Amino acid sequence: MLPTDVPLAYLGSSVLLLLLQLLPPTSAFFPNIWSLLAAPGSITHQDLTEEAALNVTLQLFLEQPPPGRPPLHLEDFLGRTLLADDLFASYFGPGSPSRRFRAALGEVSRANAAQDFLPTSRNDPDLHFDAERLGQGRTRLVGALRETLVAARALDHTLARRHLGAALHALQDFYSHSNWVELGQQQPHPHLLWPRQELGSLAQEGDPTCSDCEELSCPGNLLGVTLLTSGYFGTHPSKPLGKCSHGGRFDQSSSQPPRGGINKDSTAPGFSPHHMLHLQAAKLALLASIQAFSLLRSRLGDRGFSRLLDITPASSLSFVLDTTGSMGEEINAAKIQARHIVEQRRGSPMEPIHYVLVPFHDPGFGPVFTTSDPDSFWQQLNEIHALGGGDEPEMCLSALELALLHTPPLSDIFVFTDASPKDAFLTSRVEALTQERRCRVTFLVTEDPSRGQGRGRREVLSPLRFEPYEVVALASGGEVIFTKDQYIQDVAAVVGDSMADQVTLPLEPPDVVPERPLVFNVDGLLQRVSVRIHGEVSSFWIRSPAGISQGPEEGQGSLGHTRRFGQFWMVSINDPPQTGTWEIQVTAESNPRVRVQAQTSLDFLFHFGIPMEDGPHPGLYPLTQPVAGLQTQLLVEVTGLGPRGSPEDSLPHFSHVILRGVPEGAKLGQVPLEPRGAQERGLFVASLPPTLLSTVGPFSLELIGQDGGGRDLHRASPQPCTVVPVLLELSGPQGFLAPGSKAPLTLHVASFSSPQDLNLRTSVNSSFSLTSNLSRVRLEQNESAWGRLWLEVPESAASNSVVMVTVTALGREAGLVPPTHAFLRLLVLAPAPQDQLAAPAHSSGPVFTSVSPTLRPSPLVTWGRAGGGLAGNPWWGTVGGVLLLLGLASW
């Protein structure tokens, strides 16, 4: 028999329950905010996931006071909406950006939502606790959490977040799709995360569970049994006689007797026959999600958990180093700069928590070295020396690709070389990977044709041989800086100081035009503004809004301090910078580069999606890049809007987004922004019509608004986006790959704008074998094709490792259609012995194969989101809500 109540002792000894205000009726478990158009006022998987993460993050902050700052106090957060910006400002200091944390939560939330859309998961009952497959669902849930741990320990946090999203989706679905709430339960299931504990009395094949219900709302259709059951969805598997359906307009089984259903997924009776119980289901799903996050914190430790969710304002530090004989000065510069960054930021909120190093030469590259220990990174870097192999070109892009695969998103990667790439054929793939990872790549190139010694030349090299670096830098929002050995240390120091905690200000026009000044705007939320100019420059001047000018003379001037290293100038504008329109005029013999950067807490994140209305649930299916001809939604999250408690009229307002072509800067169009939820959350949606995305190619996003005083605000996306010609999707098995196994992968390609004649190419790690039944496809407009790939994992594949599969779609006529890439990361993991997965009979907690500290209490402070907020729900995020200090010591 199932227990009728879970005693508070299960929640630990330090339970504090404060009901500040009764929760008003809400709804449920649709994928993400776009679902709310179908069921306004609903709580979604996205809301539950991000709220649970915020609460466990707050608990970590309460227990681990930051060095040099006063500890946080729980009472400061009572009765307030819990926002990521507030948490970071309270813990790391005012103005500390929460952008990376919110981006990581976004990855988890989108992976969670994708379970309702991906062809490999959307109709699998084991992944949604449907069709009374409760034991199988628990096995898959525990497996996904185990895979999360393994991927996180392998430092592939992007893959870990994908498995975590899948686990949380299943965990949350249990409370909406089963009758746990209808059985009167007031706490999460005590055994759901325990592989060998009994789930309780489960309904068997011959046990009838539901009666017929002809209405949309079915409050009394359960037969009153005390057995645990869940509803059937669709036709696979078919619903036996007397069993419950999931219910709702998308469920074909709900029209077969007994009609109706039991899901609690939304406020709308048309989707959720048990909509009236959604509040209870959402509350338990939130508590269970907090338990899952707390479990991961216990198993990974605070530092590992912080890396999983990027609970830091700091970027990682990634170096790609040419180690050939002519690179002595560059390697020394990299060492000095790495030491400078490590020492300068050690113990501060901006200290990197992830370090990556990839050497290369010819013909080799790698291996990759990753660590979270700055001393280990420094020791590894210090062992690198310039040795032999002085010919050009080198395997630079192969090494950069390896660095991108191991570098967390929203990070900086620095490439030190004096050679052009031998592997230029990788340009488009690396370009796409920088945008998928949203990493900024800066190339420091000491190519000096006048140098009398150095690299040998096997052949006459093209003056355009560095063009692949320019392409990759442009796609990533980075730059290529040419300098000389004697200046490399100084230039590296300047560039290293402008890591990802700074934003790049848009210039109009984006490139230098003879006898025309470049214009940029400075607002009151910017500080530490700097202007960088490099190239064959003969003179320049900078003019402030007050009309004060400063030229290239070194030292302190009327506007700021100027430093020069060969053909590289850096002007640091005096703080506070004057607000308004600034101008830069540059005179040069060739095409100089100008970049303006500043420090600010006000920034934004964005991603794209397609509204889905024909799946198990309505929602927004996430896209890496927009697709030509496809109706697309742009979601924008603004970070750093202002301190908690600021009056609404003092917060910045944003009205629209401008799309500009790259690199020419021509305005492609603009779209209005529609706010979602309370203003302080900074969540906006814009609809991008197919006509705006009709031209294949890169574009940039510019966010336009005003501050609380009515002055203009202007922010640009850190890197361009690209409209790709076709939709290319690659999906694999939900779990892990075992050494010696063969795994099927699914490929989907679709065209929405014009006919396409495409070649499909695949690549994978060298020791793996990959075959495909689809190498060429001809598509008419609005036509799709599906293919199957088989990935063979060698017996020698290392357990706890990651394999990357890439599919590229290329137009058969070279140059007419740019390539489209799909990337898929998969985890290689040895199957766990049954006795390792199973908990011993006396165990009261879930079993993973590592020793970990006891779980600490975790607070549930209030319902809100990590910056987004629940669209259309006036209650979500108000002063009311629930405060629960949930003890999990028994885990």
# chains A, B, ... in the order shown; residues from 1 in each chain; ligands from 1

call {"tool": "residues_around", "arguments": {"residues": "Glu182 (chain A)", "least_positions_apart": "3", "cutoff": "8 Å", "atoms": "only C-alpha atoms", "output": "list in words"}}
result
Asn179, Gln185 and Leu277 of chain A

call {"tool": "write_last_selection", "arguments": {"atoms": "C-alpha atoms", "output": "compact mmCIF listing (two decimals), in the first residue's frame"}}
result
# COMPACT_ATOMS: atom_id res chain seq x y z
CA ASN A 179 -2.51 9.62 -9.98
CA GLN A 185 -0.17 12.69 -1.37
CA LEU A 277 -5.38 19.53 -9.53

call {"tool": "residues_around", "arguments": {"residues": "Leu62 (chain A)", "least_positions_apart": "4", "cutoff": "7 Å", "atoms": "only C-alpha atoms", "output": "JSON, numbers by chain"}}
result
{"A": [58, 71, 72, 73]}

call {"tool": "write_last_selection", "arguments": {"atoms": "all heavy atoms", "output": "compact mmCIF listing (two decimals), in the first residue's frame"}}
result
# COMPACT_ATOMS: atom_id res chain seq x y z
N LEU A 58 20.53 29.36 -4.13
CA LEU A 58 20.45 30.21 -2.95
C LEU A 58 20.95 29.47 -1.71
O LEU A 58 21.68 30.04 -0.89
CB LEU A 58 19.01 30.68 -2.74
CG LEU A 58 18.75 31.45 -1.44
CD1 LEU A 58 19.65 32.68 -1.32
CD2 LEU A 58 17.29 31.84 -1.31
N PRO A 71 28.14 37.46 4.67
CA PRO A 71 27.28 36.33 4.28
C PRO A 71 25.87 36.79 3.95
O PRO A 71 25.41 37.85 4.40
CB PRO A 71 27.31 35.44 5.52
CG PRO A 71 27.61 36.36 6.66
CD PRO A 71 28.52 37.41 6.09
N LEU A 72 25.18 35.97 3.17
CA LEU A 72 23.79 36.25 2.87
C LEU A 72 22.91 35.80 4.03
O LEU A 72 23.28 34.91 4.80
CB LEU A 72 23.37 35.50 1.60
CG LEU A 72 23.58 36.20 0.26
CD1 LEU A 72 25.05 36.47 0.00
CD2 LEU A 72 23.00 35.37 -0.88
N HIS A 73 21.74 36.41 4.14
CA HIS A 73 20.78 36.07 5.18
C HIS A 73 19.45 35.71 4.53
O HIS A 73 18.96 36.44 3.66
CB HIS A 73 20.59 37.23 6.15
CG HIS A 73 21.86 37.63 6.86
ND1 HIS A 73 22.43 36.87 7.86
CD2 HIS A 73 22.67 38.71 6.69
CE1 HIS A 73 23.52 37.45 8.28
NE2 HIS A 73 23.70 38.58 7.59

call {"tool": "residues_around", "arguments": {"residues": "Val803 (chain A)", "least_positions_apart": "2", "cutoff": "12 Å", "atoms": "only C-alpha atoms", "output": "PyMOL selection string"}}
result
chain A and resi 151+154+156+159+402+405-406+732+736-739+763-770+791-794+797-801+805-806+823-829

call {"tool": "atom_distance", "arguments": {"atom1": "CA of Asp85 (chain A)", "atom2": "CA of Ala475 (chain A)"}}
result
28.5 Å

call {"tool": "atom_distance", "arguments": {"atom1": "CA of Ala338 (chain A)", "atom2": "CA of Phe365 (chain A)"}}
result
20.4 Å

call {"tool": "residues_around", "arguments": {"residues": "Leu317 (chain A)", "least_positions_apart": "6", "cutoff": "7 Å", "atoms": "only C-alpha atoms", "output": "PDB file with C-alpha atoms, in the first residue's frame"}}
result
ATOM      1  CA  PRO A 352      38.035  31.295 -14.156  1.00  0.00           C
ATOM      2  CA  HIS A 354      37.559  26.040 -16.168  1.00  0.00           C
ATOM      3  CA  TYR A 355      40.851  25.968 -18.079  1.00  0.00           C
ATOM      4  CA  VAL A 356      41.521  24.472 -21.512  1.00  0.00           C
ATOM      5  CA  ASP A 412      36.770  33.342 -24.730  1.00  0.00           C
ATOM      6  CA  ILE A 413      39.313  31.315 -26.686  1.00  0.00           C
TER       7      ILE A 413
END

call {"tool": "closest_residue", "arguments": {"among": "A:Ala282, A:Ile481, A:Val494, A:Leu620", "to": "Gln187 (chain A)", "atoms": "only C-alpha atoms"}}
result
A:Ala282

call {"tool": "residues_around", "arguments": {"residues": "Lys264 (chain A)", "least_positions_apart": "4", "cutoff": "12 Å", "atoms": "only C-alpha atoms", "output": "JSON, numbers by chain"}}
result
{"A": [26, 27, 28, 29, 30, 42, 43, 44, 172, 173, 174, 175, 176, 177, 178, 179, 180, 181, 182, 217, 218, 219, 230, 231, 245, 246, 247, 248, 268, 269, 270, 271, 272, 273, 274, 275, 276, 277, 278, 279, 280, 281, 282, 283, 285]}

call {"tool": "atom_distance", "arguments": {"atom1": "CA of Glu583 (chain A)", "atom2": "CA of Phe520 (chain A)"}}
result
6.5 Å

call {"tool": "select_by_dssp", "arguments": {"residues": "region 304-513 of chain A", "states": "strand (DSSP E or B)", "output": "ChimeraX atom specification"}}
result
/A:317-322,355-360,365,369-371,391-392,394,412-417,421,440-445,456-457,479-482,502-504,508,513

call {"tool": "residues_around", "arguments": {"residues": "region 560-574 of chain A", "least_positions_apart": "6", "cutoff": "9 Å", "atoms": "only C-alpha atoms", "output": "ChimeraX atom specification"}}
result
/A:481-484,486-488,490-491,494,527-537,550-554

call {"tool": "write_last_selection", "arguments": {"atoms": "N, CA, C and O atoms", "output": "tab-separated table (two decimals), in the first residue's frame"}}
result
chain	number	residue	atom	x	y	z
A	481	ILE	N	44.14	39.78	-34.74
A	481	ILE	CA	45.08	40.87	-34.47
A	481	ILE	C	46.46	40.45	-34.94
A	481	ILE	O	47.02	39.47	-34.46
A	482	PHE	N	46.98	41.19	-35.91
A	482	PHE	CA	48.34	40.94	-36.41
A	482	PHE	C	49.31	41.84	-35.65
A	482	PHE	O	49.07	43.04	-35.50
A	483	THR	N	50.37	41.25	-35.19
A	483	THR	CA	51.36	42.02	-34.47
A	483	THR	C	52.74	41.40	-34.70
A	483	THR	O	52.89	40.53	-35.57
A	484	LYS	N	53.73	41.84	-33.95
A	484	LYS	CA	55.09	41.32	-34.08
A	484	LYS	C	55.54	40.74	-32.74
A	484	LYS	O	54.98	41.05	-31.69
A	486	GLN	N	57.93	41.40	-30.82
A	486	GLN	CA	58.35	42.34	-29.78
A	486	GLN	C	57.16	42.95	-29.04
A	486	GLN	O	57.31	43.49	-27.95
A	487	TYR	N	55.96	42.87	-29.63
A	487	TYR	CA	54.77	43.46	-29.02
A	487	TYR	C	53.77	42.42	-28.50
A	487	TYR	O	52.76	42.79	-27.88
A	488	ILE	N	54.00	41.15	-28.77
A	488	ILE	CA	52.97	40.15	-28.50
A	488	ILE	C	52.58	40.09	-27.03
A	488	ILE	O	51.41	39.92	-26.69
A	490	ASP	N	52.55	42.53	-24.79
A	490	ASP	CA	51.72	43.68	-24.43
A	490	ASP	C	50.33	43.57	-25.06
A	490	ASP	O	49.31	43.85	-24.42
A	491	VAL	N	50.28	43.16	-26.33
A	491	VAL	CA	48.99	43.02	-27.00
A	491	VAL	C	48.16	41.93	-26.33
A	491	VAL	O	46.96	42.09	-26.11
A	494	VAL	N	46.57	43.24	-23.18
A	494	VAL	CA	45.42	44.12	-23.43
A	494	VAL	C	44.20	43.30	-23.81
A	494	VAL	O	43.09	43.51	-23.30
A	527	GLN	N	30.69	51.47	-18.17
A	527	GLN	CA	31.91	51.97	-17.55
A	527	GLN	C	33.11	51.27	-18.18
A	527	GLN	O	32.95	50.30	-18.93
A	528	ARG	N	34.30	51.75	-17.89
A	528	ARG	CA	35.54	51.20	-18.45
A	528	ARG	C	35.45	51.04	-19.97
A	528	ARG	O	35.76	50.00	-20.54
A	529	VAL	N	35.03	52.11	-20.64
A	529	VAL	CA	34.95	52.10	-22.10
A	529	VAL	C	36.36	52.16	-22.67
A	529	VAL	O	37.20	52.94	-22.21
A	530	SER	N	36.64	51.32	-23.66
A	530	SER	CA	37.95	51.31	-24.30
A	530	SER	C	37.79	51.22	-25.81
A	530	SER	O	36.84	50.60	-26.31
A	531	VAL	N	38.71	51.85	-26.50
A	531	VAL	CA	38.73	51.83	-27.96
A	531	VAL	C	40.03	51.16	-28.39
A	531	VAL	O	41.12	51.56	-27.97
A	532	ARG	N	39.91	50.12	-29.24
A	532	ARG	CA	41.09	49.42	-29.76
A	532	ARG	C	41.15	49.64	-31.27
A	532	ARG	O	40.15	49.44	-31.98
A	533	ILE	N	42.30	50.02	-31.75
A	533	ILE	CA	42.52	50.24	-33.18
A	533	ILE	C	43.79	49.50	-33.57
A	533	ILE	O	44.82	49.65	-32.92
A	534	HIS	N	43.72	48.69	-34.61
A	534	HIS	CA	44.94	48.03	-35.07
A	534	HIS	C	44.93	47.92	-36.59
A	534	HIS	O	43.89	47.74	-37.22
A	535	GLY	N	46.09	48.05	-37.19
A	535	GLY	CA	46.26	48.04	-38.63
A	535	GLY	C	47.32	49.06	-39.04
A	535	GLY	O	48.02	49.63	-38.20
A	536	GLU	N	47.43	49.30	-40.33
A	536	GLU	CA	48.41	50.27	-40.84
A	536	GLU	C	47.82	51.67	-40.75
A	536	GLU	O	47.44	52.30	-41.74
A	537	VAL	N	47.77	52.18	-39.53
A	537	VAL	CA	47.10	53.45	-39.22
A	537	VAL	C	48.13	54.57	-39.24
A	537	VAL	O	49.20	54.47	-38.64
A	550	GLN	N	40.67	63.79	-28.98
A	550	GLN	CA	41.98	63.27	-28.57
A	550	GLN	C	42.56	62.46	-29.71
A	550	GLN	O	41.87	61.66	-30.34
A	551	GLY	N	43.84	62.66	-29.99
A	551	GLY	CA	44.52	61.97	-31.07
A	551	GLY	C	45.31	60.78	-30.59
A	551	GLY	O	45.13	60.29	-29.47
A	552	PRO	N	46.28	60.31	-31.44
A	552	PRO	CA	47.00	59.08	-31.13
A	552	PRO	C	48.20	59.24	-30.21
A	552	PRO	O	48.93	58.28	-30.00
A	553	GLU	N	48.41	60.43	-29.65
A	553	GLU	CA	49.58	60.61	-28.78
A	553	GLU	C	49.46	59.72	-27.55
A	553	GLU	O	48.42	59.64	-26.90
A	554	GLU	N	50.56	59.06	-27.21
A	554	GLU	CA	50.56	58.15	-26.07
A	554	GLU	C	50.51	58.92	-24.76
A	554	GLU	O	50.93	60.08	-24.67

call {"tool": "select_by_dssp", "arguments": {"residues": "region 377-535 of chain A", "states": "alpha helix (DSSP H)", "output": "ChimeraX atom specification"}}
result
/A:377-382,396-406,427-437,467-476,488-496

call {"tool": "closest_residue", "arguments": {"among": "A:Thr624, A:Gln706, A:Thr209, A:Ser90", "to": "Ser650 (chain A)", "atoms": "only C-alpha atoms"}}
result
A:Gln706
